[in-house]
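So this one's start.pdb, PDB, C-alpha atoms:
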```
ATOM      1  CA  MET A   1       0.000   0.000   0.000
ATOM      2  CA  ASP A   2       1.388   3.399  -1.001
ATOM      3  CA  PHE A   3       1.060   6.074   1.691
ATOM      4  CA  GLN A   4       2.971   8.723  -0.235
ATOM      5  CA  LEU A   5       1.075  11.937  -0.874
ATOM      6  CA  SER A   6      -0.396  12.288  -4.341
ATOM      7  CA  ASP A   7       0.459  15.216  -6.590
ATOM      8  CA  ASP A   8      -2.950  16.740  -5.858
ATOM      9  CA  GLN A   9      -2.417  16.418  -2.116
ATOM     10  CA  ARG A  10       1.000  18.055  -2.343
ATOM     11  CA  ALA A  11      -0.494  20.884  -4.389
ATOM     12  CA  LEU A  12      -3.251  21.312  -1.800
ATOM     13  CA  ARG A  13      -0.726  21.495   1.028
ATOM     14  CA  THR A  14       1.451  23.954  -0.883
ATOM     15  CA  GLY A  15      -1.553  26.111  -1.681
ATOM     16  CA  ILE A  16      -2.695  26.494   1.923
ATOM     17  CA  ARG A  17       0.896  27.049   3.096
ATOM     18  CA  ASP A  18       1.324  29.851   0.548
ATOM     19  CA  LEU A  19      -2.030  31.363   1.522
ATOM     20  CA  LEU A  20      -1.158  31.382   5.208
ATOM     21  CA  ALA A  21       2.352  32.683   4.540
ATOM     22  CA  GLY A  22       0.899  35.603   2.632
ATOM     23  CA  ARG A  23      -2.013  36.382   4.959
ATOM     24  CA  PHE A  24      -0.592  35.362   8.339
ATOM     25  CA  SER A  25       3.145  35.829   8.072
ATOM     26  CA  ARG A  26       5.250  36.239  11.198
ATOM     27  CA  ASP A  27       4.985  40.016  10.988
ATOM     28  CA  ARG A  28       1.191  39.860  10.766
ATOM     29  CA  MET A  29       1.061  37.246  13.493
ATOM     30  CA  ARG A  30       3.049  39.528  15.767
ATOM     31  CA  ALA A  31       0.872  42.505  14.860
ATOM     32  CA  ALA A  32      -2.219  40.476  15.737
ATOM     33  CA  LEU A  33      -0.624  39.451  19.021
ATOM     34  CA  ASP A  34       0.072  43.060  19.949
ATOM     35  CA  GLY A  35      -3.175  44.518  18.641
ATOM     36  CA  GLY A  36      -5.755  41.962  19.709
ATOM     37  CA  THR A  37      -6.325  38.274  19.176
ATOM     38  CA  GLY A  38      -9.870  38.195  17.840
ATOM     39  CA  VAL A  39     -10.809  36.231  14.739
ATOM     40  CA  ASP A  40      -9.760  37.999  11.541
ATOM     41  CA  ARG A  41     -13.075  37.935   9.668
ATOM     42  CA  ALA A  42     -11.468  38.931   6.366
ATOM     43  CA  LEU A  43      -9.008  36.025   6.569
ATOM     44  CA  TRP A  44     -11.815  33.731   7.718
ATOM     45  CA  ARG A  45     -13.808  34.574   4.574
ATOM     46  CA  GLU A  46     -10.708  34.126   2.435
ATOM     47  CA  LEU A  47     -10.239  30.648   3.887
ATOM     48  CA  GLY A  48     -13.898  29.967   3.111
ATOM     49  CA  GLU A  49     -13.448  31.093  -0.480
ATOM     50  CA  ALA A  50     -10.431  28.800  -0.770
ATOM     51  CA  GLY A  51     -12.589  25.830   0.300
ATOM     52  CA  PHE A  52     -10.954  25.335   3.685
ATOM     53  CA  PHE A  53     -14.179  24.835   5.621
ATOM     54  CA  ALA A  54     -16.132  23.145   2.801
ATOM     55  CA  LEU A  55     -13.309  20.772   1.902
ATOM     56  CA  ARG A  56     -15.245  17.607   2.795
ATOM     57  CA  LEU A  57     -18.695  18.711   1.699
ATOM     58  CA  PRO A  58     -19.979  17.062  -1.514
ATOM     59  CA  GLU A  59     -19.497  19.056  -4.683
ATOM     60  CA  LYS A  60     -23.249  19.097  -5.299
ATOM     61  CA  ALA A  61     -23.592  20.886  -1.936
ATOM     62  CA  GLY A  62     -21.027  23.513  -2.908
ATOM     63  CA  GLY A  63     -18.074  21.757  -1.318
ATOM     64  CA  VAL A  64     -14.748  20.510  -2.617
ATOM     65  CA  GLY A  65     -15.573  16.814  -2.269
ATOM     66  CA  LEU A  66     -12.327  15.693  -0.637
ATOM     67  CA  GLY A  67     -11.804  13.549   2.460
ATOM     68  CA  LEU A  68     -10.358  13.374   5.938
ATOM     69  CA  PRO A  69      -6.734  12.854   4.771
ATOM     70  CA  GLU A  70      -6.853  16.139   2.872
ATOM     71  CA  SER A  71      -8.329  17.919   5.914
ATOM     72  CA  VAL A  72      -5.424  16.627   7.983
ATOM     73  CA  LEU A  73      -2.952  18.167   5.528
ATOM     74  CA  LEU A  74      -4.677  21.548   5.822
ATOM     75  CA  PHE A  75      -4.765  21.516   9.606
ATOM     76  CA  GLU A  76      -1.120  20.461   9.748
ATOM     77  CA  GLU A  77      -0.311  23.725   7.957
ATOM     78  CA  VAL A  78      -2.522  25.644  10.393
ATOM     79  CA  GLY A  79      -0.466  24.190  13.246
ATOM     80  CA  ARG A  80       2.745  25.403  11.650
ATOM     81  CA  SER A  81       1.444  28.949  11.291
ATOM     82  CA  LEU A  82      -0.170  29.402  14.739
ATOM     83  CA  LEU A  83      -3.301  30.746  13.017
ATOM     84  CA  PRO A  84      -5.831  31.444  15.801
ATOM     85  CA  GLY A  85      -9.568  30.818  15.838
ATOM     86  CA  PRO A  86     -11.982  27.880  16.165
ATOM     87  CA  LEU A  87     -11.066  26.458  12.769
ATOM     88  CA  ILE A  88     -11.824  22.844  13.640
ATOM     89  CA  ALA A  89     -15.332  23.519  14.935
ATOM     90  CA  THR A  90     -16.177  25.706  11.941
ATOM     91  CA  HIS A  91     -14.839  23.036   9.576
ATOM     92  CA  LEU A  92     -16.906  20.313  11.261
ATOM     93  CA  ALA A  93     -20.056  22.465  11.296
ATOM     94  CA  ALA A  94     -19.725  23.582   7.669
ATOM     95  CA  GLY A  95     -22.566  21.365   6.498
ATOM     96  CA  ALA A  96     -24.921  22.252   9.341
ATOM     97  CA  VAL A  97     -24.658  26.012   9.857
ATOM     98  CA  LYS A  98     -25.477  28.553   7.169
ATOM     99  CA  GLY A  99     -22.426  30.574   6.217
ATOM    100  CA  ALA A 100     -19.867  28.352   7.949
ATOM    101  CA  ALA A 101     -18.686  26.721   4.718
ATOM    102  CA  GLN A 102     -18.127  30.122   3.117
ATOM    103  CA  GLY A 103     -16.290  31.560   6.136
ATOM    104  CA  GLU A 104     -19.147  33.948   6.883
ATOM    105  CA  ALA A 105     -19.897  32.306  10.244
ATOM    106  CA  VAL A 106     -17.511  31.462  13.088
ATOM    107  CA  ILE A 107     -18.420  28.358  15.077
ATOM    108  CA  ALA A 108     -16.790  27.684  18.455
ATOM    109  CA  VAL A 109     -16.896  24.379  20.347
ATOM    110  CA  LEU A 110     -18.486  23.694  23.721
ATOM    111  CA  ASP A 111     -17.306  20.562  25.507
ATOM    112  CA  ALA A 112     -18.628  19.692  28.959
ATOM    113  CA  GLY A 113     -16.365  21.075  31.689
ATOM    114  CA  GLN A 114     -14.104  22.912  29.228
ATOM    115  CA  PRO A 115     -13.869  26.678  28.674
ATOM    116  CA  VAL A 116     -15.017  27.859  25.248
ATOM    117  CA  GLY A 117     -12.360  29.379  23.022
ATOM    118  CA  HIS A 118     -13.219  32.489  20.992
ATOM    119  CA  LEU A 119     -16.782  32.696  22.284
ATOM    120  CA  GLY A 120     -16.588  36.476  21.896
ATOM    121  CA  ASP A 121     -16.232  36.058  18.104
ATOM    122  CA  ALA A 122     -18.577  33.102  17.656
ATOM    123  CA  ASP A 123     -21.857  33.141  15.767
ATOM    124  CA  GLY A 124     -22.772  29.635  16.919
ATOM    125  CA  LEU A 125     -21.570  26.705  19.006
ATOM    126  CA  LEU A 126     -20.799  23.103  18.191
ATOM    127  CA  VAL A 127     -21.821  21.233  21.346
ATOM    128  CA  LEU A 128     -20.033  17.929  21.902
ATOM    129  CA  GLY A 129     -22.042  15.153  23.506
ATOM    130  CA  ALA A 130     -20.862  11.730  24.553
ATOM    131  CA  GLY A 131     -19.264  10.974  21.202
ATOM    132  CA  ASP A 132     -18.704   7.444  19.946
ATOM    133  CA  ALA A 133     -17.610   4.400  21.886
ATOM    134  CA  GLY A 134     -13.939   4.725  21.034
ATOM    135  CA  ALA A 135     -12.075   7.993  20.906
ATOM    136  CA  GLY A 136     -15.318   9.854  21.390
ATOM    137  CA  ALA A 137     -16.035   8.597  24.885
ATOM    138  CA  GLY A 138     -15.073  10.882  27.694
ATOM    139  CA  SER A 139     -15.867  14.438  28.586
ATOM    140  CA  GLY A 140     -19.546  15.025  28.122
ATOM    141  CA  SER A 141     -20.599  11.414  28.697
ATOM    142  CA  ARG A 142     -22.751  10.360  31.583
ATOM    143  CA  SER A 143     -22.751   7.370  33.858
ATOM    144  CA  GLY A 144     -25.578   4.888  33.946
ATOM    145  CA  ASP A 145     -27.514   3.054  31.276
ATOM    146  CA  GLY A 146     -27.665   4.217  27.697
ATOM    147  CA  PRO A 147     -25.639   6.696  25.707
ATOM    148  CA  GLY A 148     -24.991  10.255  26.723
ATOM    149  CA  PRO A 149     -26.291  13.317  24.898
ATOM    150  CA  ALA A 150     -25.686  13.631  21.165
ATOM    151  CA  ASP A 151     -23.622  16.255  19.391
ATOM    152  CA  GLY A 152     -25.564  19.371  18.526
ATOM    153  CA  ILE A 153     -25.573  22.966  17.346
ATOM    154  CA  VAL A 154     -26.517  26.175  19.149
ATOM    155  CA  ARG A 155     -27.127  28.846  16.548
ATOM    156  CA  ASP A 156     -27.301  31.867  18.871
ATOM    157  CA  ALA A 157     -23.900  32.444  20.467
ATOM    158  CA  VAL A 158     -24.933  35.918  21.652
ATOM    159  CA  ARG A 159     -27.330  34.374  24.142
ATOM    160  CA  ILE A 160     -24.576  32.033  25.376
ATOM    161  CA  ARG A 161     -22.189  34.949  25.938
ATOM    162  CA  GLU A 162     -24.777  36.463  28.267
ATOM    163  CA  ALA A 163     -24.384  33.339  30.423
ATOM    164  CA  ALA A 164     -20.584  33.214  30.299
ATOM    165  CA  GLU A 165     -17.606  34.977  31.789
ATOM    166  CA  PRO A 166     -14.047  35.457  30.463
ATOM    167  CA  VAL A 167     -11.294  33.416  32.125
ATOM    168  CA  ARG A 168      -7.543  33.739  31.891
ATOM    169  CA  SER A 169      -6.032  31.783  29.008
ATOM    170  CA  LEU A 170      -2.586  30.215  28.842
ATOM    171  CA  ASP A 171      -2.446  30.889  25.101
ATOM    172  CA  PRO A 172      -2.564  34.618  24.268
ATOM    173  CA  PHE A 173      -4.129  33.761  20.895
ATOM    174  CA  THR A 174      -7.044  31.833  22.417
ATOM    175  CA  PRO A 175      -9.360  33.909  24.628
ATOM    176  CA  LEU A 176     -11.416  31.610  26.857
ATOM    177  CA  TRP A 177     -14.897  31.909  28.331
ATOM    178  CA  ARG A 178     -16.532  29.738  30.953
ATOM    179  CA  VAL A 179     -20.220  29.119  30.401
ATOM    180  CA  THR A 180     -22.053  29.387  33.695
ATOM    181  CA  GLY A 181     -25.687  29.233  32.550
ATOM    182  CA  ARG A 182     -27.869  26.901  30.545
ATOM    183  CA  VAL A 183     -26.899  26.226  26.943
ATOM    184  CA  GLY A 184     -30.127  24.931  25.377
ATOM    185  CA  PRO A 185     -31.880  24.612  23.104
ATOM    186  CA  VAL A 186     -29.402  22.382  21.269
ATOM    187  CA  GLU A 187     -30.287  21.062  17.809
ATOM    188  CA  PRO A 188     -29.031  17.458  17.523
ATOM    189  CA  LEU A 189     -26.610  16.577  14.737
ATOM    190  CA  PRO A 190     -26.539  13.158  13.045
ATOM    191  CA  GLY A 191     -23.444  11.017  13.043
ATOM    192  CA  GLY A 192     -21.600  10.896  16.342
ATOM    193  CA  ALA A 193     -17.984  10.968  15.159
ATOM    194  CA  LEU A 194     -17.421  14.698  15.530
ATOM    195  CA  ARG A 195     -15.299  14.339  18.658
ATOM    196  CA  ALA A 196     -13.073  11.759  16.994
ATOM    197  CA  GLU A 197     -12.721  13.840  13.837
ATOM    198  CA  GLY A 198     -12.022  16.953  15.883
ATOM    199  CA  ALA A 199      -9.386  15.071  17.875
ATOM    200  CA  LEU A 200      -7.688  13.965  14.653
ATOM    201  CA  LEU A 201      -7.638  17.505  13.258
ATOM    202  CA  ALA A 202      -6.252  18.785  16.575
ATOM    203  CA  ALA A 203      -3.568  16.080  16.313
ATOM    204  CA  ALA A 204      -2.770  17.361  12.823
ATOM    205  CA  GLU A 205      -2.330  20.882  14.222
ATOM    206  CA  GLN A 206      -0.024  19.470  16.891
ATOM    207  CA  LEU A 207       1.945  17.662  14.199
ATOM    208  CA  GLY A 208       2.404  20.908  12.266
ATOM    209  CA  SER A 209       3.569  22.694  15.395
ATOM    210  CA  ALA A 210       6.019  19.885  16.215
ATOM    211  CA  ALA A 211       7.479  20.043  12.718
ATOM    212  CA  ARG A 212       7.798  23.816  12.855
ATOM    213  CA  THR A 213       9.573  23.897  16.226
ATOM    214  CA  THR A 214      11.963  21.232  14.953
ATOM    215  CA  GLU A 215      12.826  23.485  12.015
ATOM    216  CA  MET A 216      13.224  26.478  14.337
ATOM    217  CA  ALA A 217      15.590  24.564  16.609
ATOM    218  CA  VAL A 218      17.733  23.269  13.735
ATOM    219  CA  GLN A 219      17.935  26.727  12.160
ATOM    220  CA  HIS A 220      18.973  28.370  15.421
ATOM    221  CA  ALA A 221      21.499  25.601  16.156
ATOM    222  CA  GLY A 222      23.138  26.266  12.796
ATOM    223  CA  GLU A 223      23.284  30.032  13.262
ATOM    224  CA  ARG A 224      24.091  30.518  16.942
ATOM    225  CA  GLU A 225      27.785  30.200  17.790
ATOM    226  CA  GLN A 226      29.542  29.449  21.060
ATOM    227  CA  PHE A 227      33.291  28.993  21.513
ATOM    228  CA  GLY A 228      33.758  29.746  17.824
ATOM    229  CA  SER A 229      31.462  26.973  16.556
ATOM    230  CA  PRO A 230      27.736  26.624  15.784
ATOM    231  CA  ILE A 231      25.975  25.148  18.807
ATOM    232  CA  GLY A 232      24.560  22.511  16.461
ATOM    233  CA  SER A 233      28.001  20.936  16.334
ATOM    234  CA  PHE A 234      27.772  20.035  20.043
ATOM    235  CA  GLN A 235      26.547  16.529  20.808
ATOM    236  CA  ALA A 236      23.976  17.578  23.395
ATOM    237  CA  VAL A 237      22.251  19.904  20.912
ATOM    238  CA  LYS A 238      22.422  17.285  18.161
ATOM    239  CA  HIS A 239      20.632  14.816  20.426
ATOM    240  CA  LEU A 240      17.892  17.327  21.230
ATOM    241  CA  CYS A 241      17.247  18.025  17.552
ATOM    242  CA  ALA A 242      17.380  14.345  16.598
ATOM    243  CA  GLY A 243      14.852  13.502  19.307
ATOM    244  CA  MET A 244      12.549  16.232  18.029
ATOM    245  CA  LEU A 245      12.674  14.823  14.510
ATOM    246  CA  VAL A 246      11.941  11.279  15.709
ATOM    247  CA  ARG A 247       8.918  12.399  17.721
ATOM    248  CA  THR A 248       7.602  14.398  14.753
ATOM    249  CA  GLU A 249       7.884  11.543  12.286
ATOM    250  CA  LEU A 250       6.321   9.018  14.689
ATOM    251  CA  ALA A 251       3.390  11.370  15.139
ATOM    252  CA  ARG A 252       3.176  11.967  11.388
ATOM    253  CA  GLY A 253       2.858   8.257  10.650
ATOM    254  CA  ALA A 254       0.155   7.819  13.277
ATOM    255  CA  VAL A 255      -1.838  10.903  12.215
ATOM    256  CA  TYR A 256      -1.704  10.078   8.508
ATOM    257  CA  ALA A 257      -2.690   6.449   9.140
ATOM    258  CA  ALA A 258      -5.610   7.462  11.346
ATOM    259  CA  ALA A 259      -6.749   9.873   8.638
ATOM    260  CA  VAL A 260      -6.994   6.949   6.215
ATOM    261  CA  THR A 261      -8.757   4.511   8.555
ATOM    262  CA  ALA A 262     -10.795   7.039  10.618
ATOM    263  CA  ASP A 263     -10.684   4.409  13.359
ATOM    264  CA  PRO A 264     -11.424   5.973  16.783
ATOM    265  CA  VAL A 265      -8.770   3.897  18.545
ATOM    266  CA  GLU A 266      -6.113   4.840  15.999
ATOM    267  CA  ILE A 267      -7.180   8.463  16.358
ATOM    268  CA  ALA A 268      -6.689   8.158  20.116
ATOM    269  CA  GLY A 269      -3.146   6.881  19.570
ATOM    270  CA  ALA A 270      -2.417   9.601  17.029
ATOM    271  CA  LYS A 271      -3.616  12.324  19.405
ATOM    272  CA  LEU A 272      -1.390  10.984  22.191
ATOM    273  CA  LEU A 273       1.697  10.903  19.972
ATOM    274  CA  ALA A 274       0.997  14.300  18.409
ATOM    275  CA  ASP A 275       0.363  15.963  21.773
ATOM    276  CA  ASP A 276       3.616  14.529  23.100
ATOM    277  CA  ALA A 277       5.542  15.655  20.017
ATOM    278  CA  ALA A 278       4.143  19.191  20.058
ATOM    279  CA  VAL A 279       4.717  19.811  23.766
ATOM    280  CA  ARG A 280       8.111  18.141  24.097
ATOM    281  CA  ASN A 281       9.426  19.584  20.832
ATOM    282  CA  ALA A 282       8.467  23.082  21.899
ATOM    283  CA  ARG A 283      10.242  22.540  25.218
ATOM    284  CA  ASP A 284      13.361  21.233  23.488
ATOM    285  CA  CYS A 285      13.245  24.068  20.963
ATOM    286  CA  LEU A 286      13.151  26.506  23.866
ATOM    287  CA  GLN A 287      16.141  24.687  25.384
ATOM    288  CA  VAL A 288      18.109  25.009  22.124
ATOM    289  CA  HIS A 289      17.348  28.740  22.035
ATOM    290  CA  GLY A 290      18.620  29.155  25.586
ATOM    291  CA  GLY A 291      17.760  32.328  27.496
ATOM    292  CA  MET A 292      16.312  34.115  24.473
ATOM    293  CA  GLY A 293      13.734  31.338  24.109
ATOM    294  CA  PHE A 294      12.000  32.587  27.255
ATOM    295  CA  THR A 295      11.547  36.121  25.931
ATOM    296  CA  TRP A 296       8.309  37.563  24.571
ATOM    297  CA  GLU A 297      10.030  38.368  21.271
ATOM    298  CA  ALA A 298      10.728  34.685  20.537
ATOM    299  CA  ASP A 299       7.969  32.558  18.967
ATOM    300  CA  VAL A 300       8.884  29.377  20.807
ATOM    301  CA  HIS A 301       6.711  30.088  23.833
ATOM    302  CA  LEU A 302       3.690  30.657  21.575
ATOM    303  CA  HIS A 303       3.996  27.157  20.146
ATOM    304  CA  LEU A 304       4.439  25.702  23.627
ATOM    305  CA  LYS A 305       1.388  27.465  25.053
ATOM    306  CA  ARG A 306      -0.795  26.498  22.106
ATOM    307  CA  ALA A 307       0.418  22.893  22.321
ATOM    308  CA  TRP A 308      -0.446  22.734  26.019
ATOM    309  CA  LEU A 309      -3.925  24.060  25.320
ATOM    310  CA  ARG A 310      -4.588  21.715  22.381
ATOM    311  CA  SER A 311      -3.487  18.716  24.438
ATOM    312  CA  VAL A 312      -6.567  19.037  26.667
ATOM    313  CA  ARG A 313      -9.036  19.829  23.873
ATOM    314  CA  TRP A 314     -11.266  17.404  21.969
ATOM    315  CA  LEU A 315      -9.596  14.332  23.498
ATOM    316  CA  THR A 316      -7.542  14.324  26.685
ATOM    317  CA  ALA A 317      -4.614  12.002  27.291
ATOM    318  CA  ALA A 318      -6.511  10.116  30.001
ATOM    319  CA  THR A 319      -9.483   9.422  27.723
ATOM    320  CA  ALA A 320      -7.242   8.430  24.813
ATOM    321  CA  GLU A 321      -5.324   6.028  27.059
ATOM    322  CA  GLU A 322      -8.601   4.482  28.238
ATOM    323  CA  ALA A 323      -9.680   3.947  24.620
ATOM    324  CA  LEU A 324      -6.381   2.262  23.766
ATOM    325  CA  ALA A 325      -6.464   0.091  26.880
ATOM    326  CA  ALA A 326     -10.064  -0.985  26.206
ATOM    327  CA  ASP A 327      -9.078  -2.032  22.678
ATOM    328  CA  LEU A 328      -6.478  -4.422  24.128
ATOM    329  CA  CYS A 329      -9.091  -6.330  26.138
TER     330      CYS A 329
END
```
As structure tokens - that is how I would like this structure written.
Amino acid sequence: MDFQLSDDQRALRTGIRDLLAGRFSRDRMRAALDGGTGVDRALWRELGEAGFFALRLPEKAGGVGLGLPESVLLFEEVGRSLLPGPLIATHLAAGAVKGAAQGEAVIAVLDAGQPVGHLGDADGLLVLGAGDAGAGAGSGSRSGDGPGPADGIVRDAVRIREAAEPVRSLDPFTPLWRVTGRVGPVEPLPGGALRAEGALLAAAEQLGSAARTTEMAVQHAGEREQFGSPIGSFQAVKHLCAGMLVRTELARGAVYAAAVTADPVEIAGAKLLADDAAVRNARDCLQVHGGMGFTWEADVHLHLKRAWLRSVRWLTAATAEEALAADLC
């Protein structure tokens, strides 16, 4: 079986990377960080026009007609760029909420017990229920007989904001709100795999971040000199960079395979590996950068903070481990 990317998939990945490089370059990212971290509606619509949110909708419904593997490639590029906003929830809700596919609507995600990211910019909410029996089980499920509540949509985010309060966020690009009042009414959505699909796309973002911090570490190790030599020539730094590459490629294999099978248990394993790669690579990248890695001017801490936040979204490590352990029985 050939798992190499096709020419069309490579072109798709290159296209979204070029789009993000032009519309969310480092300079623009830094300007957004200094000037406010709300969703850029103009960029959101541009992503909609490019088919980002409608990628998996059928062509007869105005979509692109591609599949989960192609979505993973797009979200891997998002992870590299640190683009903020509830992209996964909007992508998953594209077929259910008017305007989401075109980038006219911003859809945030509400998971039981979790703060809501970007609620201040949201037009609607994707509400996660119990999910499926594999990677979907966990937060939002209930004890006792029968399944927990189904996934659903809340179309009026303004009303939800009236029952929510801002909370401090670890990631400066992800403002968080805690919902303190009732959410309903929630319109049920068919299917039940949204949590698993969201977890896979979050794993793809983590993979992109892990790859990017590896590149940042290698570049800095080749440029920074100590004792008359690049620090990359020292064995300790070589080992750090080699370990980062190994973690990235292990995660890549798991994420790409899970995108092909869409198996909830494989998604659970992919999320675990991708979370580990993103967090540990960012830490090691910071270590390679030394003291300057801790400064606000460096980008390393932004990848680390986003990786920490993603690691507890959609599918936590504890729930993923339970899914993998149950599959062994």
Practice prompt. Could you tell me which residues the PyMOL selection byres ((chain A and resi 185) around 12) grabs in this file, written as a VMD selection string?
Written response: chain A and resid 125 127 152 to 157 159 to 160 182 to 184 186 to 188
Proximity of stretch 10-97 of chain A to stretch 258-270 of chain A: per-residue shortest pair, 9 Å limit, only C-alpha atoms, as CSV:
```
residue,atom,partner,partner_atom,distance
A:Gly67,CA,A:Ala259,CA,8.8
A:Leu68,CA,A:Ala259,CA,5.7
A:Pro69,CA,A:Ala259,CA,4.9
A:Glu70,CA,A:Ala259,CA,8.5
A:Ser71,CA,A:Ala259,CA,8.6
A:Val72,CA,A:Ala259,CA,6.9
```
Take the residues from that selection and write them out as a tab-separated table (two decimals), in the coordinates of the input, keeping C-alpha atoms.
```
chain	number	residue	atom	x	y	z
A	67	GLY	CA	-11.80	13.55	2.46
A	68	LEU	CA	-10.36	13.37	5.94
A	69	PRO	CA	-6.73	12.85	4.77
A	70	GLU	CA	-6.85	16.14	2.87
A	71	SER	CA	-8.33	17.92	5.91
A	72	VAL	CA	-5.42	16.63	7.98
```
Worksheet entry | Separation of atom CA of A:Asp34 from atom CA of A:Asp299, in Å and rounded to one decimal |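 So the two atoms, atom CA of A:Asp34 and atom CA of A:Asp299, lie 13.2 Å apart.
With distances taken over only C-alpha atoms, A:Gly117 is the one residue among A:Gly290, A:Pro86, A:Gly22, A:Gly117 lying closest to A:Leu176.
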Item to complete: Compare A:Gly51, A:Gly198, A:Gly15, A:Gly253 by their minimum atom-to-atom distance to A:Ile88, counting all atoms listed in the file, and give me the closest one.
Response: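 Closest to A:Ile88, using all atoms listed in the file: A:Gly198.
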Worksheet item: Between A:Glu297, A:Val246, A:Val279, A:Glu59, which one has atoms that come closest to A:Ala31, using all atoms listed in the file?
Response: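 The closest residue to A:Ala31 is A:Glu297.
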Worksheet item: In Å, how far is it from atom CA of A:Ala108 to atom CA of A:Arg178?
Response: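 One can read the atom CA of A:Ala108 to atom CA of A:Arg178 distance as 12.7 Å.
Distance-wise, atom CA of A:Ser169 and atom CA of A:Val312 end up 13.0 Å apart.
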Item to complete: Select, from A:Asp123, A:Glu76, A:Asp284, A:Glu322, the residue with the minimum atom-to-atom distance to A:Ala211, counting only C-alpha atoms.
Response: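 The answer is A:Glu76, which sits nearest to A:Ala211.
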Practice prompt. Given the file shown, enumerate the residues that the PyMOL selection byres ((chain A and resi 89) around 7) captures and present them as a PyMOL selection string.
Written response: chain A and resi 86-88+90-93+107-109+126
Discussion item. Give me the residues near A:Ser25 as a ChimeraX atom specification, where near means some atom within 12 Å (using all atoms listed in the file) and where sequence neighbours in that chain fewer than 5 positions away do not count.
Written reply: /A:17-20,30-32,78,80-83
Missing atoms in stretch 60-72 of chain A should be modelled up to N, CA, C and O atoms and reported as a tab-separated table (two decimals), in the coordinates of the input.
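The resulting file, part38.tsv, is shown below:
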```tsv
chain	number	residue	atom	x	y	z
A	60	LYS	N	-21.88	18.67	-4.99
A	60	LYS	CA	-23.25	19.10	-5.30
A	60	LYS	C	-23.81	20.01	-4.21
A	60	LYS	O	-24.80	20.71	-4.44
A	61	ALA	N	-23.17	20.00	-3.02
A	61	ALA	CA	-23.59	20.89	-1.94
A	61	ALA	C	-22.71	22.13	-1.86
A	61	ALA	O	-22.77	22.88	-0.88
A	62	GLY	N	-21.89	22.34	-2.88
A	62	GLY	CA	-21.03	23.51	-2.91
A	62	GLY	C	-19.68	23.30	-2.28
A	62	GLY	O	-18.93	24.27	-2.08
A	63	GLY	N	-19.35	22.05	-1.95
A	63	GLY	CA	-18.07	21.76	-1.32
A	63	GLY	C	-17.01	21.36	-2.32
A	63	GLY	O	-17.19	21.42	-3.53
A	64	VAL	N	-15.87	20.91	-1.78
A	64	VAL	CA	-14.75	20.51	-2.62
A	64	VAL	C	-14.78	19.01	-2.91
A	64	VAL	O	-14.23	18.55	-3.90
A	65	GLY	N	-15.42	18.24	-2.03
A	65	GLY	CA	-15.57	16.81	-2.27
A	65	GLY	C	-14.36	15.97	-1.92
A	65	GLY	O	-14.22	14.85	-2.42
A	66	LEU	N	-13.49	16.47	-1.05
A	66	LEU	CA	-12.33	15.69	-0.64
A	66	LEU	C	-12.61	15.01	0.69
A	66	LEU	O	-13.72	15.03	1.20
A	67	GLY	N	-11.58	14.38	1.28
A	67	GLY	CA	-11.80	13.55	2.46
A	67	GLY	C	-11.00	13.96	3.68
A	67	GLY	O	-10.33	15.01	3.70
A	68	LEU	N	-11.04	13.10	4.68
A	68	LEU	CA	-10.36	13.37	5.94
A	68	LEU	C	-8.84	13.50	5.77
A	68	LEU	O	-8.23	14.36	6.42
A	69	PRO	N	-8.18	12.68	4.94
A	69	PRO	CA	-6.73	12.85	4.77
A	69	PRO	C	-6.35	14.25	4.28
A	69	PRO	O	-5.35	14.82	4.72
A	70	GLU	N	-7.15	14.80	3.37
A	70	GLU	CA	-6.85	16.14	2.87
A	70	GLU	C	-7.08	17.20	3.96
A	70	GLU	O	-6.33	18.18	4.06
A	71	SER	N	-8.11	16.99	4.79
A	71	SER	CA	-8.33	17.92	5.91
A	71	SER	C	-7.14	17.91	6.86
A	71	SER	O	-6.74	18.95	7.39
A	72	VAL	N	-6.58	16.74	7.11
A	72	VAL	CA	-5.42	16.63	7.98
A	72	VAL	C	-4.25	17.44	7.43
A	72	VAL	O	-3.54	18.12	8.18
```
